[in-house]
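Q: First the structure, which I've put down as structure tokens, then a few questions once you've had a look.
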Amino acid sequence: MRWIRAAGRGLLVLVVVMTGYVASGARADEGPADGRGPLTLATAGDLTGYLGSVLDGWNRAHPDEKVTLVELPDSADETHAQMTTDLRGGERSRFDILNIDVSWTSEFAAHGWIRPLARDRFPLDTFLPPVVDTATYDGQLYAVPYVTNAGLLLYREDILAKEGVDPPRTWAELEKQAKTIAPKYGLDGYAGQFLPYEGLTVNAAEAVYSAGGSILGDEGERVTVNSTAARDGIGFLARGVREGWIPKRALTFKEEESKQAFQDGRLLFLRNWPYAYVGASAEGSPVSGKIGAVPLPGPDGPGTSVLGGSNLAVSAHTEHPDSAARLLAYLAGERVQRQVLTRGALPPVRADLYEDPELVREFPYLPTLRESVLTAAPRPKSPRYDQVSLAVQAVVHDAMSGRETPEAAVRRLARELATVSSR
């Protein structure tokens, strides 16, 4: 399912069961009349096959506030392009609610395309704290977190058990095991998502963050990437390819290609989203029952993941803001969030679900994922995020390909980001 496979970008399909629940404490926002009426919800293509039928449940319970699903292409870039084209179109829009990648919130808010939201309408105190930050811009809430995500280090538990070693917690341990253990079993050492696309931005940011660095500050107004930490992070990735414990073929990997390599039994370690754990554990997988997951390693201990997932935002042009806000509160409720996990295998935003014994039995990676989310950080915030990401992808791929040293790559990236920020 390509939509879930794009989880690194946070564009996750709305997988919900709508049974007529009405959020408590609803009140009218500013807007025409009482702010209620029919809605359109724009998301990337629904490849799950049942989103339309579950929306029927909401529509039966709310006949005057029916939701029409607008499916855009399942390509994240195309979805972004269609949403922004529509939102730039003046005072009217086809869309009332937008399912957006967490990295787009700042861009959409800075351009005035989405409405600020009243915090007390939503159960923000029940969420894992870092996810709320992805929905804010300049101190104001502009969206409601719906699905979160964080990167995990998947590993061959059976092989490490044979070798009598624990899964790596540091870069040095990962390098050593990838170099010495993987070849004994005919495996490649380590891979992530290293094709120059959004996944590489995520992997690069995680390496920089794990080393204690950053890329941008002050909502994208200040470039902070020219640092020792950034050189160490990008150097870690480049060194892996140069020394061979990251296979060169991984420079062509996106989420699915890297998942398949691990699931086929060709990798000892993989950085990916939880969906890859689910797929590799499924019946019929060659590595089912043989894998484990730990937080991403860093230089001296557990590293820092980038937050993925999707946020729900309300168009600045909607004529029915109260209905939109009530639907967002519903989607953030415990009942729907539980279904997001149990029916969609997607990470929910509500903290209590990660400690539910029944859910942990069904999804054993939940405690590790919770730890990763709690220590995760958002991608660089910028009104020009698409340009920021393109610069990161190009520069880091050149460094990993050996066309540029990590030191030169960081200096170049700082120059390019300064140009983006000044536009």
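Each chain of the structure tokens is named A, B, ... in the order shown, its residues numbered from 1; ligands are numbered from 1 in display order.
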With only C-alpha atoms as the counted atoms, please give the residues lying no more than 8 Å from Pro247 of chain A, apart from itself and same-chain residues fewer than 6 positions off, as JSON, numbers by chain.

A: {"A": [188, 189, 190, 191, 241]}

Q: Since we have the selection now, will you write its residues out, keeping N, CA, C and O atoms, as an mmCIF file, in the first residue's frame?

A:
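The resulting file, part37.cif, is reproduced below:
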```cif
data_model
loop_
_atom_site.group_PDB
_atom_site.id
_atom_site.type_symbol
_atom_site.label_atom_id
_atom_site.label_comp_id
_atom_site.auth_asym_id
_atom_site.auth_seq_id
_atom_site.Cartn_x
_atom_site.Cartn_y
_atom_site.Cartn_z
ATOM 1 N N ASP A 188 23.898 -7.883 3.612
ATOM 2 C CA ASP A 188 24.372 -6.516 3.667
ATOM 3 C C ASP A 188 24.153 -5.992 5.080
ATOM 4 O O ASP A 188 23.296 -6.498 5.828
ATOM 5 N N GLY A 189 24.934 -4.951 5.449
ATOM 6 C CA GLY A 189 24.917 -4.506 6.830
ATOM 7 C C GLY A 189 23.740 -3.645 7.218
ATOM 8 O O GLY A 189 22.957 -3.993 8.114
ATOM 9 N N TYR A 190 23.582 -2.501 6.554
ATOM 10 C CA TYR A 190 22.615 -1.501 7.019
ATOM 11 C C TYR A 190 22.078 -0.733 5.822
ATOM 12 O O TYR A 190 22.802 -0.451 4.863
ATOM 13 N N ALA A 191 20.812 -0.359 5.891
ATOM 14 C CA ALA A 191 20.226 0.491 4.845
ATOM 15 C C ALA A 191 19.140 1.352 5.458
ATOM 16 O O ALA A 191 18.561 1.024 6.497
ATOM 17 N N VAL A 241 28.771 4.041 3.236
ATOM 18 C CA VAL A 241 28.842 3.655 1.827
ATOM 19 C C VAL A 241 30.295 3.437 1.413
ATOM 20 O O VAL A 241 30.620 2.460 0.729
#
```

Q: Would you mind listing what lies within 9 Å of Ala345 of chain A as a PyMOL selection string, with only C-alpha atoms counted and same-chain residues fewer than 6 positions away left out?

A: chain A and resi 274-275+278+339+363

Q: Save the residues we just selected, N, CA and C atoms, as a PDB file, in the first residue's frame?

A:
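Produced file selection.pdb, reproduced below:
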```
ATOM      1  N   PRO A 274       7.368   1.919  11.323  1.00  0.00           N
ATOM      2  CA  PRO A 274       6.789   0.699  11.879  1.00  0.00           C
ATOM      3  C   PRO A 274       6.073  -0.189  10.872  1.00  0.00           C
ATOM      4  N   TYR A 275       5.560   0.399   9.792  1.00  0.00           N
ATOM      5  CA  TYR A 275       4.844  -0.450   8.823  1.00  0.00           C
ATOM      6  C   TYR A 275       5.751  -1.543   8.290  1.00  0.00           C
ATOM      7  N   VAL A 278       5.642  -4.464  10.594  1.00  0.00           N
ATOM      8  CA  VAL A 278       4.401  -5.205  10.400  1.00  0.00           C
ATOM      9  C   VAL A 278       4.516  -6.109   9.174  1.00  0.00           C
ATOM     10  N   GLN A 339      -8.856   2.611  16.392  1.00  0.00           N
ATOM     11  CA  GLN A 339      -9.087   1.990  15.099  1.00  0.00           C
ATOM     12  C   GLN A 339      -7.967   2.299  14.112  1.00  0.00           C
ATOM     13  N   PHE A 363       0.678  -5.588  18.907  1.00  0.00           N
ATOM     14  CA  PHE A 363       1.692  -4.782  18.228  1.00  0.00           C
ATOM     15  C   PHE A 363       2.886  -4.628  19.171  1.00  0.00           C
TER      16      PHE A 363
END
```

Q: Which polymer residues have any atom within 10 Å of an atom of Leu307 of chain A, counting only C-alpha atoms, with same-chain residues fewer than 3 positions away left out, as a list in words?

A: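 Once the adjacent positions are removed, what remains is Ala7, Gly8, Arg9, Gly10, Val102, Ser103, Pro130, Val131, Asp133, Thr134, Thr148, Asn149, Ala150, Gly151, Val202, Glu206, Thr304, Ser310, Ser372, Val373, Leu374, Thr375, Ala376, Ala377, Pro378 and Arg379 of chain A.
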
Q: Create the file for the chosen residues now, containing N, CA and C atoms and written as an mmCIF file, in the first residue's frame.

A:
```
data_model
loop_
_atom_site.group_PDB
_atom_site.id
_atom_site.type_symbol
_atom_site.label_atom_id
_atom_site.label_comp_id
_atom_site.auth_asym_id
_atom_site.auth_seq_id
_atom_site.Cartn_x
_atom_site.Cartn_y
_atom_site.Cartn_z
ATOM 1 N N ALA A 7 4.961 6.705 4.668
ATOM 2 C CA ALA A 7 4.872 7.190 6.049
ATOM 3 C C ALA A 7 6.031 8.069 6.420
ATOM 4 N N GLY A 8 7.290 7.866 5.880
ATOM 5 C CA GLY A 8 8.425 8.734 6.155
ATOM 6 C C GLY A 8 8.142 10.143 5.865
ATOM 7 N N ARG A 9 7.221 10.365 4.924
ATOM 8 C CA ARG A 9 6.819 11.725 4.634
ATOM 9 C C ARG A 9 5.627 12.134 5.456
ATOM 10 N N GLY A 10 5.081 11.134 6.218
ATOM 11 C CA GLY A 10 3.958 11.425 7.076
ATOM 12 C C GLY A 10 2.639 11.483 6.374
ATOM 13 N N VAL A 102 3.040 16.226 8.009
ATOM 14 C CA VAL A 102 3.395 17.086 9.136
ATOM 15 C C VAL A 102 4.382 18.179 8.744
ATOM 16 N N SER A 103 5.193 17.936 7.726
ATOM 17 C CA SER A 103 6.190 18.934 7.333
ATOM 18 C C SER A 103 5.589 20.093 6.557
ATOM 19 N N PRO A 130 5.506 15.406 21.602
ATOM 20 C CA PRO A 130 6.177 15.939 20.405
ATOM 21 C C PRO A 130 5.266 16.123 19.198
ATOM 22 N N VAL A 131 4.162 15.349 19.124
ATOM 23 C CA VAL A 131 3.350 15.446 17.915
ATOM 24 C C VAL A 131 2.628 16.783 17.828
ATOM 25 N N ASP A 133 3.812 19.668 18.453
ATOM 26 C CA ASP A 133 4.704 20.664 17.856
ATOM 27 C C ASP A 133 4.633 20.661 16.339
ATOM 28 N N THR A 134 4.348 19.502 15.742
ATOM 29 C CA THR A 134 4.259 19.438 14.279
ATOM 30 C C THR A 134 3.050 20.192 13.752
ATOM 31 N N THR A 148 0.887 9.755 13.895
ATOM 32 C CA THR A 148 2.293 10.097 14.071
ATOM 33 C C THR A 148 3.151 8.973 13.510
ATOM 34 N N ASN A 149 4.453 9.131 13.592
ATOM 35 C CA ASN A 149 5.371 8.098 13.134
ATOM 36 C C ASN A 149 6.769 8.443 13.604
ATOM 37 N N ALA A 150 7.586 7.445 13.766
ATOM 38 C CA ALA A 150 8.991 7.643 14.098
ATOM 39 C C ALA A 150 9.783 6.486 13.522
ATOM 40 N N GLY A 151 11.013 6.752 13.173
ATOM 41 C CA GLY A 151 11.864 5.714 12.620
ATOM 42 C C GLY A 151 12.326 4.735 13.682
ATOM 43 N N VAL A 202 14.724 12.886 5.529
ATOM 44 C CA VAL A 202 14.429 12.343 6.863
ATOM 45 C C VAL A 202 15.652 11.646 7.436
ATOM 46 N N GLU A 206 17.793 12.872 10.700
ATOM 47 C CA GLU A 206 17.967 12.015 11.870
ATOM 48 C C GLU A 206 19.435 11.880 12.256
ATOM 49 N N THR A 304 18.027 10.237 17.597
ATOM 50 C CA THR A 304 16.802 11.022 17.470
ATOM 51 C C THR A 304 16.142 10.731 16.138
ATOM 52 N N SER A 310 0.687 12.527 9.789
ATOM 53 C CA SER A 310 -0.151 13.500 9.095
ATOM 54 C C SER A 310 -0.949 14.317 10.088
ATOM 55 N N SER A 372 10.619 6.154 20.833
ATOM 56 C CA SER A 372 11.167 6.887 19.690
ATOM 57 C C SER A 372 10.400 8.178 19.422
ATOM 58 N N VAL A 373 9.062 8.118 19.526
ATOM 59 C CA VAL A 373 8.261 9.321 19.304
ATOM 60 C C VAL A 373 8.552 10.378 20.369
ATOM 61 N N LEU A 374 8.682 9.946 21.616
ATOM 62 C CA LEU A 374 8.895 10.899 22.711
ATOM 63 C C LEU A 374 10.226 11.631 22.598
ATOM 64 N N THR A 375 11.197 11.030 21.938
ATOM 65 C CA THR A 375 12.496 11.681 21.772
ATOM 66 C C THR A 375 12.703 12.203 20.349
ATOM 67 N N ALA A 376 11.667 12.159 19.534
ATOM 68 C CA ALA A 376 11.776 12.566 18.132
ATOM 69 C C ALA A 376 11.681 14.074 17.989
ATOM 70 N N ALA A 377 12.026 14.543 16.805
ATOM 71 C CA ALA A 377 11.986 15.968 16.496
ATOM 72 C C ALA A 377 11.365 16.161 15.117
ATOM 73 N N PRO A 378 10.692 17.283 14.899
ATOM 74 C CA PRO A 378 10.106 17.527 13.577
ATOM 75 C C PRO A 378 11.169 17.851 12.546
ATOM 76 N N ARG A 379 10.811 17.688 11.291
ATOM 77 C CA ARG A 379 11.685 18.145 10.223
ATOM 78 C C ARG A 379 11.837 19.663 10.300
#
```

Q: Apply DSSP to the structure's backbone, then extract all residues of segment 88-252 of chain A labelled strand (DSSP E) and return them as a ChimeraX atom specification.

A: /A:97-101,136-137,140-141,144-149,152-156,188-191,216-217,222-223

Q: Using only C-alpha atoms, which of A:Pro295, A:Gly244, A:Pro321, A:Gly217 sits nearest Ala182 of chain A?

A: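 Using only C-alpha atoms, the shortest distance to Ala182 of chain A belongs to A:Gly244.
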
Q: Identify, with DSSP run on backbone atoms, the residues in segment 40-285 of chain A assigned to helix (DSSP H, G or I), and express the list as a tab-separated table (two decimals) with C-alpha atoms, in the first residue's frame.

A:
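That gives us result_12.tsv:
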```tsv
chain	number	residue	atom	x	y	z
A	51	LEU	CA	-12.28	4.65	3.45
A	52	GLY	CA	-15.40	5.52	1.50
A	53	SER	CA	-17.53	3.01	3.39
A	54	VAL	CA	-16.41	4.21	6.83
A	55	LEU	CA	-17.17	7.80	5.83
A	56	ASP	CA	-20.70	6.61	5.22
A	57	GLY	CA	-21.00	6.07	8.99
A	58	TRP	CA	-20.29	9.73	9.71
A	59	ASN	CA	-22.64	10.83	6.97
A	60	ARG	CA	-25.53	8.73	8.27
A	61	ALA	CA	-25.12	10.24	11.74
A	76	ALA	CA	2.93	13.08	-2.15
A	77	ASP	CA	4.44	15.64	-4.51
A	78	GLU	CA	1.36	15.63	-6.73
A	79	THR	CA	-0.96	15.84	-3.74
A	80	HIS	CA	0.97	18.84	-2.42
A	81	ALA	CA	0.84	20.51	-5.82
A	82	GLN	CA	-2.93	20.06	-6.19
A	83	MET	CA	-3.64	21.24	-2.66
A	84	THR	CA	-1.50	24.36	-2.95
A	85	THR	CA	-2.89	25.21	-6.39
A	86	ASP	CA	-6.41	25.04	-5.01
A	87	LEU	CA	-5.59	27.02	-1.88
A	102	VAL	CA	3.40	17.09	9.14
A	103	SER	CA	6.19	18.93	7.33
A	104	TRP	CA	3.69	21.06	5.37
A	105	THR	CA	2.00	22.68	8.38
A	106	SER	CA	4.41	25.62	8.57
A	107	GLU	CA	4.21	26.30	4.84
A	108	PHE	CA	0.41	26.24	4.74
A	109	ALA	CA	0.10	28.37	7.88
A	110	ALA	CA	2.67	30.95	6.76
A	119	ARG	CA	-6.54	24.62	21.42
A	120	ASP	CA	-9.32	23.92	23.93
A	121	ARG	CA	-11.47	22.26	21.27
A	124	LEU	CA	-4.10	17.87	22.99
A	125	ASP	CA	-3.15	16.86	26.53
A	126	THR	CA	-3.85	13.22	25.66
A	129	PRO	CA	3.84	15.68	23.45
A	130	PRO	CA	6.18	15.94	20.40
A	131	VAL	CA	3.35	15.45	17.92
A	132	VAL	CA	1.64	18.68	18.94
A	133	ASP	CA	4.70	20.66	17.86
A	157	GLU	CA	17.00	-10.95	16.17
A	158	ASP	CA	17.84	-14.56	15.32
A	159	ILE	CA	21.27	-13.69	13.97
A	160	LEU	CA	22.27	-11.41	16.84
A	161	ALA	CA	21.13	-14.13	19.26
A	162	LYS	CA	23.41	-16.66	17.55
A	163	GLU	CA	26.29	-14.20	17.89
A	171	TRP	CA	26.73	4.19	15.84
A	172	ALA	CA	29.97	2.41	16.72
A	173	GLU	CA	28.11	-0.77	17.67
A	174	LEU	CA	26.00	-0.59	14.51
A	175	GLU	CA	29.08	-0.16	12.32
A	176	LYS	CA	30.94	-3.02	14.01
A	177	GLN	CA	28.04	-5.46	13.74
A	178	ALA	CA	27.22	-4.42	10.18
A	179	LYS	CA	30.87	-4.92	9.18
A	180	THR	CA	31.64	-8.15	11.01
A	182	ALA	CA	26.45	-9.37	8.32
A	183	PRO	CA	29.08	-10.84	5.94
A	184	LYS	CA	29.21	-14.10	7.94
A	185	TYR	CA	25.57	-14.67	7.00
A	198	GLU	CA	11.95	13.12	0.95
A	199	GLY	CA	13.09	9.91	2.62
A	200	LEU	CA	16.71	10.97	2.32
A	201	THR	CA	15.86	14.31	3.93
A	202	VAL	CA	14.43	12.34	6.86
A	203	ASN	CA	17.44	10.03	7.15
A	204	ALA	CA	19.87	12.94	6.92
A	205	ALA	CA	17.99	14.98	9.50
A	206	GLU	CA	17.97	12.01	11.87
A	207	ALA	CA	21.73	11.65	11.55
A	208	VAL	CA	22.28	15.36	12.17
A	209	TYR	CA	19.83	15.48	15.09
A	210	SER	CA	21.31	12.33	16.64
A	228	THR	CA	30.51	19.84	13.72
A	229	ALA	CA	27.41	17.81	14.58
A	230	ALA	CA	26.06	18.07	11.03
A	231	ARG	CA	29.43	17.03	9.62
A	232	ASP	CA	29.50	14.06	11.98
A	233	GLY	CA	25.96	13.01	11.03
A	234	ILE	CA	26.43	13.25	7.28
A	235	GLY	CA	29.89	11.74	7.70
A	236	PHE	CA	28.37	8.69	9.41
A	237	LEU	CA	26.18	8.01	6.37
A	238	ALA	CA	28.92	8.73	3.84
A	239	ARG	CA	31.40	6.53	5.70
A	240	GLY	CA	28.98	3.63	5.61
A	241	VAL	CA	28.84	3.66	1.83
A	242	ARG	CA	32.57	4.22	1.47
A	243	GLU	CA	33.42	1.33	3.81
A	248	LYS	CA	25.75	1.11	-2.78
A	249	ARG	CA	22.41	-0.22	-3.99
A	250	ALA	CA	20.84	1.44	-0.94
A	251	LEU	CA	21.43	4.79	-2.65
A	252	THR	CA	18.42	3.84	-4.81
A	255	GLU	CA	10.69	2.96	1.88
A	256	GLU	CA	9.39	-0.01	-0.03
A	257	GLU	CA	12.66	-1.07	-1.65
A	258	SER	CA	14.44	-1.00	1.69
A	259	LYS	CA	11.60	-2.87	3.41
A	260	GLN	CA	11.66	-5.54	0.74
A	261	ALA	CA	15.41	-6.02	1.05
A	262	PHE	CA	15.04	-6.59	4.79
A	263	GLN	CA	11.93	-8.74	4.43
A	274	PRO	CA	6.79	0.70	11.88
A	275	TYR	CA	4.84	-0.45	8.82
A	276	ALA	CA	8.01	-2.27	7.73
A	277	TYR	CA	8.02	-4.23	11.00
A	278	VAL	CA	4.40	-5.21	10.40
A	279	GLY	CA	5.13	-6.35	6.85
A	280	ALA	CA	8.26	-8.28	7.78
A	281	SER	CA	6.39	-10.00	10.63
```

Q: One decimal, Å: what's the distance from atom CA of Thr318 of chain A over to atom CA of Val340 of chain A, could you say?

A: 26.0 Å

Q: Select, from A:Ser214, A:Gln337, A:Thr419, A:Asn226, the residue with the minimum atom-to-atom distance to Arg350 of chain A, counting only C-alpha atoms.

A: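 Going through A:Ser214, A:Gln337, A:Thr419, A:Asn226 one by one, the smallest distance to Arg350 of chain A is for A:Gln337.
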
Q: Give me, as a Markdown table, each residue of segment 155-200 of chain A that comes within 12 Å of segment 401-413 of chain A, together with its shortest interatomic pair and the distance in Å at one decimal, counting only C-alpha atoms, with rows ordered by chain and rising residue number.

A:
```
| residue | atom | partner | partner_atom | distance |
| --- | --- | --- | --- | --- |
| A:Phe194 | CA | A:Ser401 | CA | 10.1 |
| A:Leu195 | CA | A:Ser401 | CA | 10.6 |
| A:Pro196 | CA | A:Ser401 | CA | 11.0 |
```

Q: Output the selection as a compact mmCIF listing (two decimals), in the first residue's frame - all heavy atoms for each residue.

A:
```txt
# COMPACT_ATOMS: atom_id res chain seq x y z
N PHE A 194 17.73 6.14 0.93
CA PHE A 194 18.83 6.99 0.51
C PHE A 194 18.73 7.49 -0.92
O PHE A 194 19.65 8.16 -1.40
CB PHE A 194 20.16 6.26 0.71
CG PHE A 194 20.42 5.84 2.14
CD1 PHE A 194 20.97 4.59 2.42
CD2 PHE A 194 20.11 6.68 3.19
CE1 PHE A 194 21.21 4.21 3.74
CE2 PHE A 194 20.34 6.31 4.51
CZ PHE A 194 20.89 5.06 4.78
N LEU A 195 17.66 7.18 -1.63
CA LEU A 195 17.41 7.83 -2.92
C LEU A 195 17.17 9.31 -2.66
O LEU A 195 16.60 9.67 -1.62
CB LEU A 195 16.19 7.21 -3.58
CG LEU A 195 15.85 7.70 -4.99
CD1 LEU A 195 16.79 7.06 -6.01
CD2 LEU A 195 14.39 7.37 -5.35
N PRO A 196 17.59 10.21 -3.56
CA PRO A 196 17.33 11.63 -3.31
C PRO A 196 15.86 12.00 -3.47
O PRO A 196 15.39 12.39 -4.53
CB PRO A 196 18.21 12.35 -4.34
CG PRO A 196 18.46 11.36 -5.41
CD PRO A 196 18.46 10.02 -4.73
```

Q: To one decimal in Å, tell me the separation between atom CA of Leu267 of chain A and atom CA of Arg156 of chain A.

A: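 Result for atom CA of Leu267 of chain A versus atom CA of Arg156 of chain A: 8.1 Å, one decimal.
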
Q: Give the answer as one residue: which of A:Pro73, A:Pro168, A:Pro116, A:Gly35 has the shortest atom-to-atom distance to Leu268 of chain A, using only C-alpha atoms?

A: A:Pro168

Q: As an exercise, work out the distance from atom CA of Thr40 of chain A to atom CA of Arg94 of chain A in Å and give it to one decimal place.

A: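 Interatomic distance here is 7.1 Å.
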